[in-house]
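S.K.: I am sharing work-v8.cif, which consists of mmCIF, C-alpha atoms and all ligand atoms:
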data_upload
loop_
_atom_site.label_atom_id
_atom_site.label_comp_id
_atom_site.auth_asym_id
_atom_site.auth_seq_id
_atom_site.Cartn_x
_atom_site.Cartn_y
_atom_site.Cartn_z
CA MET A 1147 23.74 21.47 -1.16
CA SER A 1148 24.04 20.58 -4.83
CA ARG A 1149 27.10 18.41 -4.32
CA ASN A 1150 26.40 15.09 -5.92
CA PRO A 1151 22.64 15.26 -6.48
CA LEU A 1152 21.10 11.93 -7.47
CA ILE A 1153 17.68 13.23 -8.47
CA VAL A 1154 17.20 16.64 -10.09
CA PHE A 1155 13.92 18.31 -11.07
CA GLU A 1156 14.28 21.58 -12.93
CA GLY A 1157 11.13 23.56 -13.72
CA VAL A 1158 9.06 20.41 -14.05
CA SER A 1159 5.38 20.68 -15.00
CA LYS A 1160 2.97 17.87 -15.63
CA SER A 1161 -0.52 18.08 -17.09
CA TYR A 1162 -2.97 15.25 -17.49
CA THR A 1163 -5.43 15.20 -20.34
CA LEU A 1164 -8.93 14.95 -18.97
CA HIS A 1165 -11.41 12.45 -20.32
CA TYR A 1166 -14.97 13.60 -20.22
CA HIS A 1167 -17.96 11.64 -19.09
CA PHE A 1168 -20.98 12.92 -20.90
CA THR A 1169 -23.16 13.31 -17.88
CA GLY A 1170 -25.76 15.40 -19.69
CA GLY A 1171 -27.10 12.41 -21.58
CA ILE A 1172 -26.83 11.53 -25.24
CA LYS A 1173 -29.37 14.12 -26.43
CA ASN A 1174 -27.59 16.93 -24.71
CA PHE A 1175 -24.32 15.59 -26.04
CA LEU A 1176 -25.55 15.54 -29.65
CA PHE A 1177 -27.06 19.02 -29.45
CA HIS A 1178 -23.92 20.51 -28.07
CA LEU A 1179 -21.39 18.41 -29.90
CA PRO A 1180 -19.10 21.25 -31.03
CA SER A 1181 -18.74 22.62 -27.52
CA TYR A 1182 -18.11 19.13 -26.12
CA ILE A 1183 -15.38 18.56 -28.66
CA ARG A 1184 -13.80 21.91 -27.89
CA LYS A 1185 -13.91 21.13 -24.20
CA ALA A 1186 -12.44 17.67 -24.62
CA ARG A 1187 -9.61 19.00 -26.76
CA SER A 1188 -8.63 21.83 -24.51
CA SER A 1189 -9.08 20.09 -21.18
CA SER A 1190 -5.96 19.27 -19.37
CA TYR A 1191 -5.29 19.36 -15.69
CA CYS A 1192 -2.05 20.70 -14.30
CA ALA A 1193 -0.79 18.39 -11.53
CA LEU A 1194 2.65 20.00 -11.15
CA LYS A 1195 3.71 23.55 -11.92
CA ASP A 1196 7.34 24.54 -12.31
CA VAL A 1197 8.65 22.19 -9.63
CA SER A 1198 12.39 22.30 -8.87
CA PHE A 1199 14.37 20.40 -6.24
CA GLU A 1200 17.45 18.23 -5.82
CA ILE A 1201 17.91 15.09 -3.76
CA ARG A 1202 21.41 14.06 -2.78
CA ARG A 1203 22.74 10.54 -2.86
CA GLY A 1204 21.99 8.88 0.47
CA GLU A 1205 19.46 11.47 1.52
CA THR A 1206 16.00 10.69 2.92
CA PHE A 1207 13.69 13.26 1.39
CA GLY A 1208 10.12 13.71 2.65
CA ILE A 1209 7.26 15.08 0.58
CA ILE A 1210 4.17 16.37 2.36
CA GLY A 1211 1.03 18.15 1.18
CA LYS A 1212 -2.68 17.55 1.07
CA ASN A 1213 -4.43 15.10 -1.25
CA GLY A 1214 -4.18 16.08 -4.89
CA ALA A 1215 -1.13 18.30 -4.37
CA GLY A 1216 0.93 16.27 -6.83
CA LYS A 1217 3.05 14.03 -4.57
CA SER A 1218 2.36 10.74 -6.36
CA THR A 1219 2.92 12.45 -9.68
CA ILE A 1220 6.44 13.37 -8.56
CA LEU A 1221 7.17 9.76 -7.58
CA GLY A 1222 5.76 8.56 -10.90
CA ILE A 1223 8.08 10.90 -12.78
CA ILE A 1224 11.12 9.83 -10.72
CA ALA A 1225 10.24 6.19 -11.43
CA GLY A 1226 9.98 6.94 -15.16
CA VAL A 1227 6.37 5.78 -15.26
CA LEU A 1228 5.14 9.31 -16.06
CA LYS A 1229 6.70 11.80 -18.46
CA PRO A 1230 6.92 15.46 -17.51
CA THR A 1231 5.10 17.87 -19.83
CA ARG A 1232 7.81 20.51 -19.35
CA GLY A 1233 11.13 20.81 -17.59
CA LYS A 1234 14.15 18.62 -16.98
CA VAL A 1235 14.48 15.48 -14.87
CA ALA A 1236 17.65 13.56 -14.11
CA VAL A 1237 17.73 10.36 -12.04
CA GLY A 1238 21.04 8.62 -11.46
CA GLY A 1239 20.21 5.31 -9.80
CA ARG A 1240 18.42 2.02 -9.81
CA ILE A 1241 14.88 2.42 -8.56
CA SER A 1242 12.54 0.25 -6.57
CA PRO A 1243 9.28 2.06 -6.91
CA LEU A 1244 6.74 1.46 -4.26
CA LEU A 1245 4.06 3.40 -5.99
CA GLU A 1246 0.44 3.43 -5.21
CA LEU A 1247 -0.75 0.33 -3.51
CA GLY A 1248 -1.16 -2.75 -5.62
CA ALA A 1249 0.11 -1.10 -8.82
CA GLY A 1250 1.92 -4.23 -10.00
CA PHE A 1251 -0.36 -6.82 -8.43
CA SER A 1252 -2.43 -9.42 -10.15
CA PHE A 1253 -5.48 -10.15 -8.03
CA GLU A 1254 -6.17 -13.72 -9.12
CA LEU A 1255 -2.64 -14.84 -8.22
CA THR A 1256 -1.57 -15.82 -4.72
CA GLY A 1257 0.70 -13.72 -2.54
CA ARG A 1258 3.59 -16.03 -3.33
CA GLU A 1259 3.00 -15.79 -7.08
CA ASN A 1260 2.73 -12.02 -6.84
CA ILE A 1261 6.07 -11.86 -5.04
CA LEU A 1262 7.65 -13.70 -7.95
CA LEU A 1263 5.85 -11.62 -10.57
CA ASN A 1264 6.71 -8.32 -8.91
CA GLY A 1265 10.29 -9.30 -8.21
CA ILE A 1266 10.78 -10.03 -11.89
CA ILE A 1267 8.98 -6.85 -12.98
CA LEU A 1268 11.24 -4.90 -10.64
CA GLY A 1269 14.36 -6.40 -12.16
CA LEU A 1270 15.35 -9.49 -10.17
CA THR A 1271 15.98 -12.84 -11.80
CA ARG A 1272 13.56 -15.65 -11.09
CA LYS A 1273 16.25 -17.51 -9.20
CA LYS A 1274 17.06 -14.52 -7.03
CA VAL A 1275 13.40 -14.05 -6.07
CA LEU A 1276 13.04 -17.75 -5.27
CA ASP A 1277 16.22 -17.63 -3.17
CA ARG A 1278 14.77 -14.75 -1.16
CA MET A 1279 11.20 -16.05 -1.08
CA ASP A 1280 11.29 -17.34 2.51
CA GLU A 1281 12.86 -14.15 3.79
CA ILE A 1282 10.25 -12.03 1.97
CA ILE A 1283 7.35 -14.10 3.30
CA GLU A 1284 8.82 -14.00 6.79
CA PHE A 1285 9.06 -10.20 6.69
CA SER A 1286 5.54 -9.84 5.32
CA GLY A 1287 4.08 -11.69 8.29
CA LEU A 1288 1.34 -13.00 6.00
CA GLY A 1289 1.80 -16.57 7.18
CA GLU A 1290 -0.42 -19.11 5.49
CA PHE A 1291 -2.33 -16.34 3.66
CA VAL A 1292 0.61 -16.10 1.28
CA ASP A 1293 -0.88 -19.02 -0.66
CA GLN A 1294 -4.31 -17.41 -1.04
CA PRO A 1295 -5.29 -15.26 -4.05
CA ILE A 1296 -4.64 -11.66 -3.10
CA ARG A 1297 -8.18 -10.57 -3.99
CA THR A 1298 -9.01 -11.97 -0.54
CA TYR A 1299 -6.49 -9.64 1.15
CA SER A 1300 -7.27 -6.53 3.16
CA SER A 1301 -5.53 -3.29 2.15
CA GLY A 1302 -3.23 -3.74 5.13
CA MET A 1303 -2.17 -7.17 3.91
CA LEU A 1304 -1.58 -5.81 0.42
CA SER A 1305 0.68 -3.10 1.75
CA LYS A 1306 2.63 -5.70 3.72
CA LEU A 1307 3.11 -7.71 0.57
CA ALA A 1308 4.18 -4.67 -1.46
CA PHE A 1309 6.64 -3.43 1.14
CA SER A 1310 8.13 -6.88 1.63
CA VAL A 1311 8.84 -7.38 -2.07
CA VAL A 1312 10.32 -3.95 -2.64
CA THR A 1313 12.60 -4.01 0.37
CA SER A 1314 14.12 -7.29 -0.71
CA LEU A 1315 15.55 -5.74 -3.85
CA ASP A 1316 18.72 -3.88 -2.79
CA PRO A 1317 17.48 -0.66 -4.35
CA GLU A 1318 19.62 2.48 -4.76
CA ILE A 1319 16.54 4.65 -4.68
CA LEU A 1320 13.47 3.70 -2.67
CA LEU A 1321 10.21 5.47 -3.46
CA ILE A 1322 7.56 5.13 -0.78
CA ASP A 1323 4.06 6.47 -1.29
CA GLU A 1324 1.96 6.65 1.88
CA ILE A 1325 2.37 2.93 2.25
CA LEU A 1326 3.04 3.09 5.96
CA ALA A 1327 -0.37 4.59 6.63
CA VAL A 1328 -1.93 1.20 6.00
CA GLY A 1329 -1.21 -1.88 8.02
CA ASP A 1330 -1.13 -2.30 11.75
CA LEU A 1331 1.18 -0.41 14.10
CA ASN A 1332 3.37 -3.45 14.49
CA PHE A 1333 4.05 -3.68 10.78
CA GLN A 1334 4.50 0.08 10.46
CA GLN A 1335 7.19 -0.13 13.09
CA LYS A 1336 8.86 -2.95 11.19
CA CYS A 1337 8.78 -0.87 8.00
CA LEU A 1338 10.27 2.12 9.76
CA GLU A 1339 13.09 -0.03 11.10
CA LYS A 1340 13.69 -1.44 7.64
CA MET A 1341 13.79 2.07 6.22
CA MET A 1342 16.26 3.14 8.90
CA SER A 1343 18.54 0.28 7.96
CA PHE A 1344 18.31 1.23 4.27
CA LYS A 1345 19.11 4.79 5.25
CA LYS A 1346 22.16 3.65 7.20
CA SER A 1347 23.42 1.65 4.26
CA GLY A 1348 23.23 4.74 2.04
CA VAL A 1349 20.02 4.14 0.09
CA THR A 1350 18.36 7.31 -1.18
CA ILE A 1351 14.73 7.41 -0.03
CA VAL A 1352 11.86 9.56 -1.24
CA PHE A 1353 9.12 9.31 1.34
CA VAL A 1354 5.60 10.61 0.78
CA SER A 1355 3.68 10.62 4.04
CA HIS A 1356 0.84 12.22 5.94
CA SER A 1357 2.52 11.37 9.22
CA MET A 1358 4.41 14.48 10.34
CA LYS A 1359 5.98 12.43 13.09
CA GLN A 1360 7.44 9.87 10.69
CA VAL A 1361 8.72 12.62 8.39
CA GLU A 1362 10.50 14.31 11.30
CA GLN A 1363 11.80 10.98 12.52
CA ILE A 1364 13.44 9.68 9.37
CA CYS A 1365 13.85 12.48 6.83
CA ASP A 1366 16.95 14.64 6.36
CA ARG A 1367 14.95 17.26 4.49
CA ALA A 1368 11.33 17.76 3.55
CA MET A 1369 9.39 19.49 0.81
CA TRP A 1370 5.91 20.92 1.18
CA LEU A 1371 3.83 20.79 -1.95
CA GLU A 1372 0.78 23.05 -2.02
CA ASN A 1373 -1.58 23.22 -4.99
CA HIS A 1374 0.94 21.67 -7.39
CA VAL A 1375 3.77 24.07 -6.56
CA VAL A 1376 6.66 23.86 -4.11
CA ARG A 1377 5.80 25.90 -1.06
CA ALA A 1378 8.94 25.22 0.98
CA ILE A 1379 11.96 22.93 1.21
CA GLY A 1380 14.12 22.55 4.30
CA ASP A 1381 14.64 21.02 7.70
CA PRO A 1382 11.88 18.44 8.28
CA GLY A 1383 10.97 19.77 11.75
CA THR A 1384 10.60 23.31 10.41
CA ILE A 1385 8.63 22.30 7.32
CA THR A 1386 6.19 20.02 9.16
CA GLY A 1387 5.73 22.74 11.79
CA GLU A 1388 4.88 25.35 9.14
CA TYR A 1389 2.57 22.91 7.41
CA SER A 1390 0.70 22.03 10.61
CA SER A 1391 0.25 25.63 11.72
CA TYR A 1392 -0.85 26.63 8.22
CA TRP A 1393 -3.71 24.15 8.50
CA LYS A 1394 -4.50 25.06 12.07
CA ASP A 1395 -4.91 28.71 11.14
CA ARG A 1396 -7.50 28.11 8.43
N1 LIG B 1 -4.15 9.96 -14.57
C1 LIG B 1 -4.65 11.14 -14.20
N2 LIG B 1 -5.49 11.82 -14.99
C2 LIG B 1 -5.99 13.02 -14.64
N3 LIG B 1 -5.67 13.66 -13.50
C3 LIG B 1 -4.84 13.03 -12.65
C4 LIG B 1 -4.27 11.75 -12.94
N4 LIG B 1 -3.48 11.40 -11.90
C5 LIG B 1 -3.56 12.40 -11.02
N5 LIG B 1 -4.36 13.39 -11.46
C6 LIG B 1 -4.66 14.65 -10.76
O1 LIG B 1 -3.47 15.35 -10.54
C7 LIG B 1 -3.44 15.93 -9.25
C8 LIG B 1 -2.24 15.44 -8.46
O2 LIG B 1 -2.42 14.07 -8.19
P1 LIG B 1 -1.42 13.23 -7.28
O3 LIG B 1 -0.04 13.41 -7.77
O4 LIG B 1 -1.96 11.85 -7.23
O5 LIG B 1 -1.58 13.96 -5.87
P2 LIG B 1 -1.23 13.45 -4.40
O6 LIG B 1 -0.42 12.20 -4.51
O7 LIG B 1 -0.48 14.58 -3.78
O8 LIG B 1 -2.53 13.21 -3.70
C9 LIG B 1 -4.76 15.54 -8.59
O9 LIG B 1 -5.63 16.64 -8.65
C10 LIG B 1 -5.27 14.39 -9.40
O10 LIG B 1 -6.67 14.39 -9.44
MG MG B 2 -0.84 10.28 -3.81
#
For the file at hand, write its structure as structure tokens.
Ligand SMILES: Nc1ncnc2c1ncn2[C@@H]1O[C@H](COP(=O)(O)OP(=O)(O)O)[C@@H](O)[C@H]1O
Ligand SMILES: [Mg+2]

M.R.:
Amino acid sequence: MSRNPLIVFEGVSKSYTLHYHFTGGIKNFLFHLPSYIRKARSSSYCALKDVSFEIRRGETFGIIGKNGAGKSTILGIIAGVLKPTRGKVAVGGRISPLLELGAGFSFELTGRENILLNGIILGLTRKKVLDRMDEIIEFSGLGEFVDQPIRTYSSGMLSKLAFSVVTSLDPEILLIDEILAVGDLNFQQKCLEKMMSFKKSGVTIVFVSHSMKQVEQICDRAMWLENHVVRAIGDPGTITGEYSSYWKDR
């Protein structure tokens, strides 16, 4: 299994520091200042606990688990946007992160301007983005909306825009976070086909999804994350089956 891993997590933990809202009002806050300060200092929230896994070059690796399990945190760490609190992480490739929706978007700019902006942020030259502009717009299916400010877009349109930019980048590692849940069936199908063609050309894909069917369809292996720890890693059919029956039995 460990021949030629491209992404390695070894005993990775991640805690977030919590910021308190003083819901008790200012009077309450002032009276209990020492305890508030103690609480604020000591409050951190553990999003990942001792997580270990390896992803091979060319593999499509699914991550499933309920909301808050820590899936997006893993993608953030792979992308280098988040730093682990403990443990070792090694990533050996160029990344096109498709993190949470709209992460790199500027809402006053048009779709077209956002394509340029995001392309450059994600490492393309201006010329390269402009060369691919028509192809990106064509894939997005946004039509004339591409010249409207994206604050007027629906979440489905935003996901189309995000997916279209990222897939135009020749990534070595593609990180996809629940993006296919948004958008119409037609576009989802288009995304799946695009992912299949990436897979065929050897791109390593990390795919976070709530669709057990999609995970079974495109992943080579899957990992089930439960309460911030790894519950199981293995064959996608087996893992999604265990996950579904776990939830059915509760
Ligand atoms: N910036 C943050 N500050 C504090 N807690 C966070 C932050 N980001 C995520 N969390 C918490 O960490 C846990 C894992 O989050 P996340 O990785 O987004 O889970 P998932 O993607 O599986 O839904 C959640 O309980 C979430 O509330
Ligand atoms: Mg998430």

S.K.: List all protein, DNA and RNA residues that have any atom at most 9 Å from ligand MG 2 (chain B), counting all atoms listed in the file, and write the list as an MDAnalysis selection string.

M.R.: chainID A and resid 1212:1219 1221 1245:1246 1323:1324 1354

S.K.: Pull the closest atom pair for each residue of range 1335-1384 of chain A that gets at most 8 Å from range 1194-1204 of chain A, along with the distance in Å to one decimal, counting all atoms listed in the file, ordering rows by chain and then ascending residue number, as a tab-separated table.

M.R.:
residue	atom	partner	partner_atom	distance
A:Lys1345	CA	A:Gly1204	CA	6.9
A:Gly1348	CA	A:Gly1204	CA	4.6
A:Val1349	CA	A:Gly1204	CA	5.1
A:Thr1350	CA	A:Gly1204	CA	4.3
A:Ile1351	CA	A:Gly1204	CA	7.4
A:His1374	CA	A:Leu1194	CA	4.5
A:Val1375	CA	A:Lys1195	CA	5.4
A:Val1376	CA	A:Val1197	CA	6.1

S.K.: Select, from A:Leu1320, A:Ile1364, A:Met1279, A:Ile1209, the residue with the minimum atom-to-atom distance to Leu1338 in chain A, counting only C-alpha atoms.

M.R.: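 Using only C-alpha atoms, Leu1338 in chain A sits closest to A:Ile1364.
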
S.K.: In Å, rounded to a single decimal, give me how far atom O4 of ligand LIG 1 (chain B) is from CA of Tyr1162 in chain A.

M.R.: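 These atoms are spaced 10.9 Å apart.
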
S.K.: Name all residues at most 7 Å from Leu1164 in chain A (count all atoms listed in the file; drop same-chain ones fewer than 4 positions away) and give them as number ranges by chain.

M.R.: A: 1189-1191

S.K.: Got a minute to add N, CA and C atoms to range 1365-1380 of chain A and dump it as a CSV table (one decimal), in the frame of the given file?

M.R.:
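Now in part_33.csv:
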chain,number,residue,atom,x,y,z
A,1365,CYS,N,13.4,11.7,8.0
A,1365,CYS,CA,13.8,12.5,6.8
A,1365,CYS,C,15.0,13.4,7.2
A,1366,ASP,N,15.9,13.7,6.2
A,1366,ASP,CA,17.0,14.6,6.4
A,1366,ASP,C,16.5,16.0,5.9
A,1367,ARG,N,15.6,16.0,4.9
A,1367,ARG,CA,15.0,17.3,4.5
A,1367,ARG,C,13.5,16.9,4.1
A,1368,ALA,N,12.7,18.0,4.0
A,1368,ALA,CA,11.3,17.8,3.6
A,1368,ALA,C,10.9,18.9,2.6
A,1369,MET,N,9.9,18.5,1.7
A,1369,MET,CA,9.4,19.5,0.8
A,1369,MET,C,7.9,19.5,1.0
A,1370,TRP,N,7.3,20.7,1.0
A,1370,TRP,CA,5.9,20.9,1.2
A,1370,TRP,C,5.4,21.4,-0.2
A,1371,LEU,N,4.4,20.5,-0.7
A,1371,LEU,CA,3.8,20.8,-2.0
A,1371,LEU,C,2.4,21.3,-1.7
A,1372,GLU,N,2.1,22.5,-2.2
A,1372,GLU,CA,0.8,23.0,-2.0
A,1372,GLU,C,0.2,23.5,-3.4
A,1373,ASN,N,-0.9,22.9,-3.7
A,1373,ASN,CA,-1.6,23.2,-5.0
A,1373,ASN,C,-0.6,23.1,-6.2
A,1374,HIS,N,0.1,22.0,-6.2
A,1374,HIS,CA,0.9,21.7,-7.4
A,1374,HIS,C,2.2,22.5,-7.5
A,1375,VAL,N,2.5,23.4,-6.5
A,1375,VAL,CA,3.8,24.1,-6.6
A,1375,VAL,C,4.5,23.8,-5.2
A,1376,VAL,N,5.8,24.0,-5.3
A,1376,VAL,CA,6.7,23.9,-4.1
A,1376,VAL,C,6.5,25.1,-3.2
A,1377,ARG,N,6.0,24.8,-2.0
A,1377,ARG,CA,5.8,25.9,-1.1
A,1377,ARG,C,7.1,26.2,-0.2
A,1378,ALA,N,7.7,25.1,0.2
A,1378,ALA,CA,8.9,25.2,1.0
A,1378,ALA,C,9.8,23.9,1.0
A,1379,ILE,N,11.1,24.1,1.1
A,1379,ILE,CA,12.0,22.9,1.2
A,1379,ILE,C,12.9,23.2,2.3
A,1380,GLY,N,13.2,22.3,3.2
A,1380,GLY,CA,14.1,22.6,4.3
A,1380,GLY,C,14.1,21.5,5.4
